[in-house]
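Visitor: The structure is given below, and queries will be raised subsequently.
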Amino acid sequence: MIPTRWPDDEDERRRDVVESPQERMKNTIIRLGEVDPLQEISAVETSIRELAPPDICNLSESFHIGVTEQPYKIPFYAALLRLLHNNPSQGGDSIGADEISLGKQILEEFWKGFQAYVDKLMWRETRLCIHFFAHLTSAQLISTESFAALLQSFTAVLDEFGVSHGRAKRAALCAAEGLMIAGAVLTLATPTFSREIISSIQMYTETTTSGKWIVQPIVRLHSSAVTVENADELLDTALVVLKALESSDFVGPYPRPYSEYPPLDTSTFSAFVLPSVLVPPEVIELDGLSTEAEESEIKREEWPEYFLRLFGDDVTPDPNTPAGYAVRTDLLAIIDIFEVNRKEAARLLLEYPKWVVSGTFKPKPGAPPLEVEPLVTYDWQLESTLLETMLGASLVLPQSSQAQIYYDSLITEVCKLSPSTVGPAVGKSIRKLYSSLTDGLDVEIARRFSEWFAIHMSNFNFQWVWKEWIPDLELAVQHPKRAFMRTAAEYEIRLSYYDRVVKSLPEAMHAPEAHVLPKQAPGPDFLYDDSSKPHHDAAQSILNLFRGRAKAEDVITHLDTLRNTLESEISETENVNSLVRIISTQSLLHIGSRSFSHLLNAIERYLPLLRTLASGGVTASAGAGNPEAKADILSAAASFWKYNPQMVAIVFDKLMQYQIVDPTDVVSWTFLHVSEVDEFEADLKAPLNLSAFEWNLLKGALDKAIGRVNIARRRLALLRKEDDENRARAKANGGNMDVDGEAKSDEPVPEDPALAVAVKAFSSLTREQKAALSRTLEGFVSCLAPSISSSHPNPKAREILTENSWHNRANWGKDEWIAWETWGWYRHFCRAYSPYLRNYAATFTAVSFARFEGQSDPASDLLQKIWDISIGQE
């Protein structure tokens with residue numbers, strides 16, 4: 001007898017998933033146009049009508065998914081809905097007045113979903129639904145009056161008192177793009193309507209001039225102009241396009257497949273009237289209205305968005321034209337929506353030409369000729385357009401909408417799908433960005449550019465024609481082009497290994513005087529490894545204790561003895577406590593240098609020792625913290641990893657994580673002591689400046705301080721909620737009668753000890769955050785407007801601020817470019833951390849800028865200007 005075999009998990013997986021008719025219909029609608037959108041519309045319409053009974057909710061949800069997740073299909077979904085308004089029994093004529101068409105039922109249900117998007121302030125979904133409604137208005141399915149009222153409800157947002165730029169920008173785009181698509185029918189009904197929308201948007205954009213200046217991708221320190229060559233601001237572009245469409249009676253570039261259908265019979269068909277909409281206000285915590293105002297979550301500040309142009313108008317679409325704006329809008333939507341699946345995003349981007357009007361892009365090499373004459377003859381290059389759009393989105397200041405690595409990975413995926421056509425576009429983009437470095441490309445954009453360059457090269461065998469840049473080795477050592485080469489080579493080494501990257505560079509870049517490669521491969525540099533070095537024996541004695549896994553208390557006792565021994569050996573000018581701290585820190589890092597796990601184990605095992613060293617002494621009886629002692633620990637760590645800057649940032653982060661040092665200590669060290677670490681080329685660091693390396697240290701410290709406050713804020717909010725619930729429960733129970741029939745007296749509910757601790761911790765961490773921001777601001781002020789007594793004054797910090805000096809930048813030397821880069825990082829600090837700086841604006845202004853009152857100095861004036869814009873007081 002054959003034994004019965006029970007089904008297992010593998011059998012379950014092998015079974016075909018059976019779709020219900022409703023699920024199959026949903027997938028059919030979502031996949032509309034995968035082969036040929038125009039031919040598929042009628043087939044999908046037939047499939048929908050054959051499904052009985054129709055599930056309106058399911059059909060509406062299918063349209064929602066298609067519209068909000070595949071915006072390039074919106075015109076074709078509008079055409080499909082237009083067909084669903086017909087009466088199939090009458091050969092396509094509209095249905096009787098007493099009947100409700102299937103299309104209208106879907107539209108009514110679709111509106112309910114749109115209202116939910118608006119109520120939840122889901123701006124992207126709201127904007128894409130407005131695109132859909134605009135096409136439906138053009139197809140005569142929605143009344144022009146109600147759609148015009150919908151657009152006006154969004155322009156009303158622009159008139160709100162104190163409206164944030166992010167909210168105003170999104171509302172303006174909803175109104176502007178709806179008008180772009182449906183402007184022809186809207187102005188036919190109300191000729192002055194377009195002028196009203198345009199005026200509302202223009203009045204708002206005129207109030208954003210100062211904000212535009214601080215986020216320009218091309219920096220002009222001497223000028224306040226907001227027009228930038230080869231860059232376009234998003235709202236300004238929309239405004240230019242609206243005016244161009246208005247002058248041409250809104251003859252737009254959008255596909256309108258529904259325009260080929262016969263008109264609806266107005267005697268039996270009535271257009272859908274959109275209900276009125278009120279855009280809900282933002283949730284704002286106003287200081288003084290709540291005792292917990294300071295504890296509310298701080299929202300990210302949003303600035304005007306500039307997109308860089310890399311190619312000419314004959315190669316890529318000009319976003320200041322209707323067709324160019326429509327293409328960029330679609331591509332940006334695909335990039336943002338498909339962030340969860342970069343491979344799918346890459347495929348859709350390369351297939352984008354089939355969703356636009358024929359003739360928009362050049363046909364692929366070897367493609368058969370078109371059977372019909374193309375409607376337009378732009379013949380733009382798809383690959384260059386994709387690179388310009390992806391890089392433009394990734395280089396928006398002060399922060400891109402998606403993670404930087406997503407854009408870098410997406411470009412890689414696009415290249416893998418079509419290397420022969422995308423590869424040349426990548427090379428042209430790199431050369432264009434590299435040439436822009438001389439013309440004032442923002443320092444944060446230059447940093448992101450170097451990261452993308454290194455990541456891209458690592459994915460394609462490090463193949464780049466570095467010899468093109470050999471002539472630039474004659475430039476000043478701190479020139480942006482030479483700084484880019486150094487940073488890109490460093491990042492490439494991080495992603496590979498030293499010898500591999502060296503082989504990819506020409507011989508001229510190997511020389512030490514080229515300052516392209518580090519002096520040696522990344523690795524530790526233990527000061528006391530050589531037996532001929534001073535204090536070698538002292539370091540070995542500490543190492544032996546670490547290797548023997550001695551207790552922290554035993555090591556501390558040994559250091560106390562070692563201190564007395566060294567005191568008799570060193571000169572009177574040397575600080576014995578500082579020396580012991582440096583030897584101990586370097587010895588501990590030497591034990592942890594084999595791997596990241598070794599580092600964490602060493603730090604965790606000897607936390608008591610590190611805290612003792614950071615307290616200002618070498619004995620357990622030392623104080624609670626000493627800035628000089630913490631600076632010694634940071635200097636020892638930076639010196640130990642001087643051949644590996646990435647490890648410096650990692651070690652600093654771990655020292656902050658274990659609270660050996662505070663973020664303020666890292667900020668202070670970065671401004672005061674980084675030039676003492678010789679691998680960071682002290683000869684290049686005096687006078688003091690900030691490069692991408694120093695900025696990464698500052699950013700790590702500031703983000704650590706802010707992150708701690710955010711965690712403490714969330715914990716405090718949770719504990720407050722629990723405490724309120726406990727008090728409410730106790731109060732409810734307090735109304736009960738006792739056994740004698742008398743009401744119980746209200747007994748005070750004891751305060752939750754955890755809540756008291758959380759309040760104290762939040763207050764402490766908030767002070768730490770404030771101190772880190774204040775110290776950073778003070779460091780920049782000292783660098784850029786130094787006094788005569790400053791330890792590292794840079795006289796060029798003031799000289800480079802004139803227009804004549806900028807136009808003479810071809811003759812700038814090291815000090816001029818040092819000052820220019822530091823000014824760039826100050827701008828980025830102010831705009832990137834503006835939401836936090838605004839919380840302490842009055843205090844910081846008094847502390848850092850009061851010294852400049854009554855002075856007429858270009859450096860102090862520019863410092864104040866950037867500061868005022870960042871805190872919203874310009």
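Just so we're on the same page: first chain in the structure tokens is A, next is B, and so on; residues restart at 1 for each chain, and ligands are numbered from 1 in the order they show up.
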Would you kindly return, as JSON, numbers by chain, each protein, DNA or RNA residue with an atom no farther than 8 Å from any atom of segment 68-71 of chain A, considering only C-alpha atoms and excluding same-chain residues fewer than 4 positions away?
Guide: {"A": [64, 124, 125, 128, 129, 330, 333, 334, 337]}
Visitor: Segment 544-678 of chain A: which residues are alpha helix (DSSP H) by DSSP, as a VMD selection string?
Guide: chain A and resid 544 to 547 552 to 567 576 to 591 596 to 605 607 to 614 627 to 640 645 to 657 663 to 672
Visitor: Residues near segment 416-422 of chain A, anyone? I mean within 9 Å using only C-alpha atoms, not counting same-chain ones fewer than 4 positions away, as a list in words.
Guide: Ala346, Arg347, Leu350, Leu382, Glu383, Ser384, Leu386, Leu387, Ile411, Thr412, Val426 and Gly427 of chain A
Visitor: Take the residues just selected and output them with all heavy atoms as a short mmCIF file (atom, residue, chain, number, x, y, z; two decimals), in the first residue's frame.
Guide:
```cif
data_model
loop_
_atom_site.label_atom_id
_atom_site.label_comp_id
_atom_site.auth_asym_id
_atom_site.auth_seq_id
_atom_site.Cartn_x
_atom_site.Cartn_y
_atom_site.Cartn_z
N ALA A 346 14.01 52.31 -13.64
CA ALA A 346 14.92 52.41 -14.79
C ALA A 346 14.24 51.93 -16.06
O ALA A 346 14.36 52.56 -17.13
CB ALA A 346 16.19 51.59 -14.52
N ARG A 347 13.50 50.82 -15.98
CA ARG A 347 12.79 50.31 -17.16
C ARG A 347 11.76 51.31 -17.66
O ARG A 347 11.67 51.58 -18.87
CB ARG A 347 12.12 48.97 -16.82
CG ARG A 347 11.36 48.35 -17.99
CD ARG A 347 10.59 47.11 -17.57
NE ARG A 347 9.45 47.42 -16.71
CZ ARG A 347 8.26 47.83 -17.16
NH1 ARG A 347 8.07 48.02 -18.46
NH2 ARG A 347 7.27 48.08 -16.32
N LEU A 350 13.28 54.38 -19.47
CA LEU A 350 13.74 54.12 -20.84
C LEU A 350 12.57 53.87 -21.79
O LEU A 350 12.71 54.03 -23.01
CB LEU A 350 14.69 52.91 -20.84
CG LEU A 350 16.07 53.18 -20.23
CD1 LEU A 350 16.86 51.89 -20.10
CD2 LEU A 350 16.85 54.18 -21.08
N LEU A 382 16.81 60.99 -25.46
CA LEU A 382 16.20 60.44 -24.26
C LEU A 382 17.23 60.24 -23.14
O LEU A 382 16.98 60.65 -21.99
CB LEU A 382 15.53 59.11 -24.57
CG LEU A 382 14.98 58.34 -23.37
CD1 LEU A 382 13.85 59.12 -22.70
CD2 LEU A 382 14.50 56.95 -23.78
N GLU A 383 18.36 59.65 -23.45
CA GLU A 383 19.34 59.32 -22.41
C GLU A 383 19.89 60.57 -21.74
O GLU A 383 20.04 60.63 -20.51
CB GLU A 383 20.49 58.49 -23.01
CG GLU A 383 20.06 57.11 -23.49
CD GLU A 383 19.36 57.14 -24.85
OE1 GLU A 383 19.40 58.19 -25.51
OE2 GLU A 383 18.78 56.10 -25.25
N SER A 384 20.19 61.59 -22.52
CA SER A 384 20.68 62.84 -21.94
C SER A 384 19.59 63.50 -21.09
O SER A 384 19.88 64.06 -20.03
CB SER A 384 21.13 63.80 -23.04
OG SER A 384 22.23 63.27 -23.75
N LEU A 386 17.22 61.90 -19.45
CA LEU A 386 17.12 61.14 -18.20
C LEU A 386 18.25 61.50 -17.24
O LEU A 386 18.02 61.70 -16.04
CB LEU A 386 17.16 59.63 -18.50
CG LEU A 386 16.01 59.06 -19.33
CD1 LEU A 386 16.17 57.56 -19.50
CD2 LEU A 386 14.67 59.38 -18.69
N LEU A 387 19.48 61.61 -17.75
CA LEU A 387 20.61 61.96 -16.88
C LEU A 387 20.44 63.35 -16.30
O LEU A 387 20.67 63.58 -15.11
CB LEU A 387 21.92 61.87 -17.67
CG LEU A 387 22.77 60.62 -17.47
CD1 LEU A 387 23.29 60.54 -16.04
CD2 LEU A 387 21.97 59.36 -17.80
N ILE A 411 20.77 55.69 -11.60
CA ILE A 411 21.60 55.97 -12.79
C ILE A 411 22.35 54.70 -13.20
O ILE A 411 22.46 54.38 -14.39
CB ILE A 411 22.56 57.13 -12.50
CG1 ILE A 411 21.78 58.43 -12.31
CG2 ILE A 411 23.58 57.28 -13.63
CD1 ILE A 411 22.63 59.59 -11.87
N THR A 412 22.86 53.97 -12.22
CA THR A 412 23.55 52.71 -12.51
C THR A 412 22.62 51.73 -13.21
O THR A 412 23.00 51.07 -14.19
CB THR A 412 24.09 52.10 -11.21
OG1 THR A 412 25.04 52.99 -10.62
CG2 THR A 412 24.77 50.75 -11.48
N VAL A 426 26.30 59.77 -19.65
CA VAL A 426 26.95 59.87 -18.34
C VAL A 426 28.26 60.62 -18.45
O VAL A 426 28.57 61.51 -17.64
CB VAL A 426 27.17 58.46 -17.74
CG1 VAL A 426 28.03 58.54 -16.49
CG2 VAL A 426 25.84 57.81 -17.41
N GLY A 427 29.06 60.27 -19.44
CA GLY A 427 30.35 60.95 -19.63
C GLY A 427 30.19 62.44 -19.86
O GLY A 427 30.91 63.25 -19.28
#
```
Visitor: Considering only C-alpha atoms, return as an MDAnalysis selection string whatever protein or nucleic-acid residues lie within 12 Å of segment 556-566 of chain A, sequence-local ones (same chain, fewer than 3 positions apart) excluded.
Guide: chainID A and resid 534:546 550:553 569:572 574:585 606:613 617:622
Visitor: Write the residues you've just listed into a file as a PDB file, in the first residue's frame, and include C-alpha atoms for each of them.
Guide:
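Saved result, selection.pdb, follows:
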```
ATOM      1  CA  PRO A 534      59.726  58.429  22.544  1.00  0.00           C
ATOM      2  CA  HIS A 535      57.431  56.764  25.075  1.00  0.00           C
ATOM      3  CA  HIS A 536      57.431  53.456  23.180  1.00  0.00           C
ATOM      4  CA  ASP A 537      57.937  51.486  26.392  1.00  0.00           C
ATOM      5  CA  ALA A 538      55.086  53.313  28.143  1.00  0.00           C
ATOM      6  CA  ALA A 539      52.737  52.516  25.282  1.00  0.00           C
ATOM      7  CA  GLN A 540      53.820  48.872  25.272  1.00  0.00           C
ATOM      8  CA  SER A 541      53.082  48.533  28.962  1.00  0.00           C
ATOM      9  CA  ILE A 542      49.526  49.770  28.360  1.00  0.00           C
ATOM     10  CA  LEU A 543      49.151  47.526  25.299  1.00  0.00           C
ATOM     11  CA  ASN A 544      50.174  44.491  27.337  1.00  0.00           C
ATOM     12  CA  LEU A 545      47.390  45.239  29.808  1.00  0.00           C
ATOM     13  CA  PHE A 546      44.858  45.581  26.996  1.00  0.00           C
ATOM     14  CA  ALA A 550      42.987  43.580  32.269  1.00  0.00           C
ATOM     15  CA  LYS A 551      40.163  45.241  34.127  1.00  0.00           C
ATOM     16  CA  ALA A 552      39.600  48.953  33.491  1.00  0.00           C
ATOM     17  CA  GLU A 553      40.340  49.697  37.143  1.00  0.00           C
ATOM     18  CA  GLU A 569      61.110  62.268  31.969  1.00  0.00           C
ATOM     19  CA  ILE A 570      59.418  65.083  30.072  1.00  0.00           C
ATOM     20  CA  SER A 571      60.179  68.791  29.910  1.00  0.00           C
ATOM     21  CA  GLU A 572      58.329  71.365  31.958  1.00  0.00           C
ATOM     22  CA  GLU A 574      54.798  69.314  28.222  1.00  0.00           C
ATOM     23  CA  ASN A 575      51.546  68.353  29.895  1.00  0.00           C
ATOM     24  CA  VAL A 576      51.917  64.895  31.422  1.00  0.00           C
ATOM     25  CA  ASN A 577      48.166  64.334  31.723  1.00  0.00           C
ATOM     26  CA  SER A 578      47.703  65.151  28.039  1.00  0.00           C
ATOM     27  CA  LEU A 579      50.533  62.795  27.119  1.00  0.00           C
ATOM     28  CA  VAL A 580      49.051  59.919  29.119  1.00  0.00           C
ATOM     29  CA  ARG A 581      45.653  60.495  27.514  1.00  0.00           C
ATOM     30  CA  ILE A 582      47.113  60.388  24.017  1.00  0.00           C
ATOM     31  CA  ILE A 583      49.176  57.256  24.696  1.00  0.00           C
ATOM     32  CA  SER A 584      46.223  55.487  26.304  1.00  0.00           C
ATOM     33  CA  THR A 585      43.750  56.423  23.554  1.00  0.00           C
ATOM     34  CA  TYR A 606      37.151  50.041  28.596  1.00  0.00           C
ATOM     35  CA  LEU A 607      34.345  52.575  28.863  1.00  0.00           C
ATOM     36  CA  PRO A 608      35.301  53.387  32.503  1.00  0.00           C
ATOM     37  CA  LEU A 609      38.846  54.119  31.360  1.00  0.00           C
ATOM     38  CA  LEU A 610      37.715  56.407  28.525  1.00  0.00           C
ATOM     39  CA  ARG A 611      35.352  58.277  30.833  1.00  0.00           C
ATOM     40  CA  THR A 612      38.150  58.743  33.316  1.00  0.00           C
ATOM     41  CA  LEU A 613      40.458  60.086  30.615  1.00  0.00           C
ATOM     42  CA  GLY A 617      42.727  63.319  34.688  1.00  0.00           C
ATOM     43  CA  VAL A 618      44.124  59.832  34.709  1.00  0.00           C
ATOM     44  CA  THR A 619      42.711  58.773  38.044  1.00  0.00           C
ATOM     45  CA  ALA A 620      39.252  57.635  38.975  1.00  0.00           C
ATOM     46  CA  SER A 621      38.833  60.624  41.245  1.00  0.00           C
ATOM     47  CA  ALA A 622      38.887  63.080  38.350  1.00  0.00           C
TER      48      ALA A 622
END
```
